[in-house]
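Peer 1: Before we start, here is the structure in question, set down as structure tokens.
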Amino acid sequence: MTPNFLRQLIIHTICNVTGEEPKDIVALDEVALDTRDWEQIFSRLEAALDIHLGMLTSSQRSISIDALMRMLHAKLSGDIIA
């Protein structure tokens, strides 16, 4: 899976859950989410990609799209995430 595809999937998922427009999400350095949206987004990404990220219980509630894209790409590529 290409990084660009993953980035588009992340943006699509965030927009589907939050109701925000893609241009508004892309403009943010970090996407801040409430607990419900955070859980929904990571549940959907894990289900779509058939992976476990361990982010559902994270106390963190904001992330950059590019950082998440790199995390997903590394996980799917079998690389170790530090």
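Note on naming: chains are A, B, ... as they come in the structure tokens, residues start from 1 per chain, ligands start from 1 in the order shown.
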Apply DSSP to the backbone of this structure and, from chain A, keep only the residues in alpha helix (DSSP H); write these as a PyMOL selection string.
Peer 2: chain A and resi 3-18+22-26+35-49+65-77
Peer 1: Which residues, written as a ChimeraX atom specification, have at least one atom at most 10 Å from Leu76 (chain A), with only C-alpha atoms counted and residues fewer than 3 positions away on the same chain left out?
Peer 2: /A:1-2,49-51,70-73,79
Peer 1: Might you pull out every residue within 10 Å of Gln60 (chain A), with only C-alpha atoms counted and same-chain residues fewer than 4 positions away left off, and present them as an MDAnalysis selection string?
Peer 2: chainID A and resid 32:35 38 55:56
Peer 1: Residues as selected, C-alpha atoms, written as a tab-separated table (two decimals), in the first residue's frame, can you do that?
Peer 2:
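Result file is again-v2.tsv:
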```tsv
chain	number	residue	atom	x	y	z
A	32	ALA	CA	-7.29	17.08	17.67
A	33	LEU	CA	-10.15	14.71	18.37
A	34	ASP	CA	-12.50	13.94	21.20
A	35	THR	CA	-12.41	10.44	22.69
A	38	TRP	CA	-10.47	9.01	18.22
A	55	MET	CA	-3.93	3.50	19.65
A	56	LEU	CA	-7.49	2.95	20.86
```
Peer 1: Which residues, written as a PDB file with N, CA and C atoms, in the first residue's frame, have at least one atom at most 12 Å from region 8-21 of chain A, with only C-alpha atoms counted and residues fewer than 3 positions away on the same chain left out?
Peer 2:
```pdb
ATOM      1  N   MET A   1       0.848  -1.163   0.000  1.00  0.00           N
ATOM      2  CA  MET A   1       0.000   0.000   0.000  1.00  0.00           C
ATOM      3  C   MET A   1       0.903   1.239   0.000  1.00  0.00           C
ATOM      4  N   THR A   2       0.589   2.173  -0.859  1.00  0.00           N
ATOM      5  CA  THR A   2       1.444   3.353  -0.983  1.00  0.00           C
ATOM      6  C   THR A   2       1.151   4.360   0.137  1.00  0.00           C
ATOM      7  N   PRO A   3       2.153   5.163   0.485  1.00  0.00           N
ATOM      8  CA  PRO A   3       1.920   6.211   1.484  1.00  0.00           C
ATOM      9  C   PRO A   3       0.796   7.159   1.069  1.00  0.00           C
ATOM     10  N   ASN A   4       0.706   7.493  -0.208  1.00  0.00           N
ATOM     11  CA  ASN A   4      -0.352   8.391  -0.668  1.00  0.00           C
ATOM     12  C   ASN A   4      -1.738   7.776  -0.460  1.00  0.00           C
ATOM     13  N   PHE A   5      -1.880   6.483  -0.760  1.00  0.00           N
ATOM     14  CA  PHE A   5      -3.170   5.818  -0.534  1.00  0.00           C
ATOM     15  C   PHE A   5      -3.523   5.859   0.955  1.00  0.00           C
ATOM     16  N   ASP A  24     -10.203  21.232   5.246  1.00  0.00           N
ATOM     17  CA  ASP A  24     -10.033  21.722   6.614  1.00  0.00           C
ATOM     18  C   ASP A  24      -9.134  20.787   7.424  1.00  0.00           C
ATOM     19  N   ILE A  25      -9.261  19.502   7.213  1.00  0.00           N
ATOM     20  CA  ILE A  25      -8.439  18.516   7.921  1.00  0.00           C
ATOM     21  C   ILE A  25      -6.993  18.599   7.444  1.00  0.00           C
ATOM     22  N   VAL A  26      -6.796  18.677   6.140  1.00  0.00           N
ATOM     23  CA  VAL A  26      -5.449  18.726   5.562  1.00  0.00           C
ATOM     24  C   VAL A  26      -4.705  19.985   6.006  1.00  0.00           C
ATOM     25  N   ALA A  27      -5.431  21.059   6.250  1.00  0.00           N
ATOM     26  CA  ALA A  27      -4.807  22.326   6.638  1.00  0.00           C
ATOM     27  C   ALA A  27      -4.224  22.295   8.050  1.00  0.00           C
ATOM     28  N   LEU A  28      -4.609  21.312   8.851  1.00  0.00           N
ATOM     29  CA  LEU A  28      -4.152  21.232  10.239  1.00  0.00           C
ATOM     30  C   LEU A  28      -2.799  20.532  10.350  1.00  0.00           C
ATOM     31  N   VAL A  31      -4.379  16.977  14.073  1.00  0.00           N
ATOM     32  CA  VAL A  31      -5.829  16.832  14.159  1.00  0.00           C
ATOM     33  C   VAL A  31      -6.159  16.457  15.601  1.00  0.00           C
ATOM     34  N   ALA A  32      -6.869  17.336  16.294  1.00  0.00           N
ATOM     35  CA  ALA A  32      -7.288  17.082  17.673  1.00  0.00           C
ATOM     36  C   ALA A  32      -8.699  16.500  17.644  1.00  0.00           C
ATOM     37  N   LEU A  33      -8.882  15.429  18.391  1.00  0.00           N
ATOM     38  CA  LEU A  33     -10.154  14.709  18.366  1.00  0.00           C
ATOM     39  C   LEU A  33     -10.658  14.470  19.773  1.00  0.00           C
ATOM     40  N   ASP A  34     -11.975  14.358  19.911  1.00  0.00           N
ATOM     41  CA  ASP A  34     -12.496  13.939  21.205  1.00  0.00           C
ATOM     42  C   ASP A  34     -12.370  12.409  21.292  1.00  0.00           C
ATOM     43  N   THR A  35     -12.615  11.870  22.455  1.00  0.00           N
ATOM     44  CA  THR A  35     -12.408  10.437  22.690  1.00  0.00           C
ATOM     45  C   THR A  35     -13.236   9.572  21.754  1.00  0.00           C
ATOM     46  N   ARG A  36     -14.496   9.926  21.562  1.00  0.00           N
ATOM     47  CA  ARG A  36     -15.368   9.118  20.704  1.00  0.00           C
ATOM     48  C   ARG A  36     -14.839   9.073  19.274  1.00  0.00           C
ATOM     49  N   ASP A  37     -14.487  10.248  18.731  1.00  0.00           N
ATOM     50  CA  ASP A  37     -13.976  10.303  17.361  1.00  0.00           C
ATOM     51  C   ASP A  37     -12.650   9.558  17.238  1.00  0.00           C
ATOM     52  N   TRP A  38     -11.760   9.721  18.217  1.00  0.00           N
ATOM     53  CA  TRP A  38     -10.472   9.015  18.222  1.00  0.00           C
ATOM     54  C   TRP A  38     -10.699   7.506  18.117  1.00  0.00           C
ATOM     55  N   GLU A  39     -11.577   6.986  18.972  1.00  0.00           N
ATOM     56  CA  GLU A  39     -11.851   5.545  18.978  1.00  0.00           C
ATOM     57  C   GLU A  39     -12.475   5.089  17.667  1.00  0.00           C
ATOM     58  N   GLN A  40     -13.399   5.884  17.135  1.00  0.00           N
ATOM     59  CA  GLN A  40     -14.042   5.525  15.864  1.00  0.00           C
ATOM     60  C   GLN A  40     -13.036   5.496  14.720  1.00  0.00           C
ATOM     61  N   ILE A  41     -12.184   6.497  14.649  1.00  0.00           N
ATOM     62  CA  ILE A  41     -11.205   6.577  13.562  1.00  0.00           C
ATOM     63  C   ILE A  41     -10.233   5.410  13.620  1.00  0.00           C
ATOM     64  N   PHE A  42      -9.674   5.132  14.795  1.00  0.00           N
ATOM     65  CA  PHE A  42      -8.706   4.041  14.875  1.00  0.00           C
ATOM     66  C   PHE A  42      -9.369   2.676  14.730  1.00  0.00           C
ATOM     67  N   SER A  43     -10.597   2.527  15.192  1.00  0.00           N
ATOM     68  CA  SER A  43     -11.317   1.265  14.972  1.00  0.00           C
ATOM     69  C   SER A  43     -11.525   1.023  13.484  1.00  0.00           C
ATOM     70  N   ARG A  44     -11.918   2.061  12.770  1.00  0.00           N
ATOM     71  CA  ARG A  44     -12.164   1.928  11.325  1.00  0.00           C
ATOM     72  C   ARG A  44     -10.870   1.657  10.560  1.00  0.00           C
ATOM     73  N   LEU A  45      -9.790   2.375  10.908  1.00  0.00           N
ATOM     74  CA  LEU A  45      -8.520   2.134  10.221  1.00  0.00           C
ATOM     75  C   LEU A  45      -7.999   0.721  10.487  1.00  0.00           C
ATOM     76  N   GLU A  46      -8.077   0.284  11.739  1.00  0.00           N
ATOM     77  CA  GLU A  46      -7.626  -1.070  12.066  1.00  0.00           C
ATOM     78  C   GLU A  46      -8.451  -2.120  11.323  1.00  0.00           C
ATOM     79  N   ALA A  47      -9.755  -1.914  11.252  1.00  0.00           N
ATOM     80  CA  ALA A  47     -10.626  -2.866  10.558  1.00  0.00           C
ATOM     81  C   ALA A  47     -10.351  -2.863   9.054  1.00  0.00           C
ATOM     82  N   ALA A  48     -10.202  -1.685   8.474  1.00  0.00           N
ATOM     83  CA  ALA A  48      -9.983  -1.581   7.025  1.00  0.00           C
ATOM     84  C   ALA A  48      -8.656  -2.204   6.617  1.00  0.00           C
ATOM     85  N   LEU A  49      -7.653  -2.062   7.461  1.00  0.00           N
ATOM     86  CA  LEU A  49      -6.317  -2.537   7.118  1.00  0.00           C
ATOM     87  C   LEU A  49      -5.961  -3.873   7.770  1.00  0.00           C
ATOM     88  N   SER A  62      -4.512  13.695  19.717  1.00  0.00           N
ATOM     89  CA  SER A  62      -4.208  14.465  18.513  1.00  0.00           C
ATOM     90  C   SER A  62      -3.023  13.811  17.815  1.00  0.00           C
ATOM     91  N   ILE A  63      -3.035  13.911  16.495  1.00  0.00           N
ATOM     92  CA  ILE A  63      -1.979  13.298  15.704  1.00  0.00           C
ATOM     93  C   ILE A  63      -1.911  13.993  14.350  1.00  0.00           C
ATOM     94  N   SER A  64      -0.725  14.013  13.794  1.00  0.00           N
ATOM     95  CA  SER A  64      -0.613  14.580  12.447  1.00  0.00           C
ATOM     96  C   SER A  64      -0.940  13.487  11.430  1.00  0.00           C
ATOM     97  N   ILE A  65      -1.514  13.893  10.341  1.00  0.00           N
ATOM     98  CA  ILE A  65      -1.869  12.941   9.293  1.00  0.00           C
ATOM     99  C   ILE A  65      -0.615  12.262   8.758  1.00  0.00           C
ATOM    100  N   ASP A  66       0.454  13.024   8.556  1.00  0.00           N
ATOM    101  CA  ASP A  66       1.690  12.443   8.020  1.00  0.00           C
ATOM    102  C   ASP A  66       2.338  11.465   8.995  1.00  0.00           C
ATOM    103  N   ALA A  67       2.306  11.779  10.289  1.00  0.00           N
ATOM    104  CA  ALA A  67       2.868  10.856  11.284  1.00  0.00           C
ATOM    105  C   ALA A  67       2.062   9.557  11.307  1.00  0.00           C
ATOM    106  N   LEU A  68       0.744   9.671  11.238  1.00  0.00           N
ATOM    107  CA  LEU A  68      -0.106   8.487  11.212  1.00  0.00           C
ATOM    108  C   LEU A  68       0.123   7.687   9.931  1.00  0.00           C
ATOM    109  N   MET A  69       0.277   8.373   8.814  1.00  0.00           N
ATOM    110  CA  MET A  69       0.544   7.698   7.545  1.00  0.00           C
ATOM    111  C   MET A  69       1.850   6.911   7.634  1.00  0.00           C
ATOM    112  N   ARG A  70       2.898   7.522   8.199  1.00  0.00           N
ATOM    113  CA  ARG A  70       4.180   6.818   8.342  1.00  0.00           C
ATOM    114  C   ARG A  70       4.048   5.612   9.270  1.00  0.00           C
ATOM    115  N   MET A  71       3.276   5.757  10.349  1.00  0.00           N
ATOM    116  CA  MET A  71       3.064   4.654  11.283  1.00  0.00           C
ATOM    117  C   MET A  71       2.352   3.495  10.583  1.00  0.00           C
ATOM    118  N   LEU A  72       1.292   3.808   9.837  1.00  0.00           N
ATOM    119  CA  LEU A  72       0.550   2.765   9.129  1.00  0.00           C
ATOM    120  C   LEU A  72       1.413   2.107   8.056  1.00  0.00           C
ATOM    121  N   HIS A  73       2.161   2.907   7.319  1.00  0.00           N
ATOM    122  CA  HIS A  73       3.008   2.361   6.262  1.00  0.00           C
ATOM    123  C   HIS A  73       4.067   1.437   6.848  1.00  0.00           C
TER     124      HIS A  73
END
```
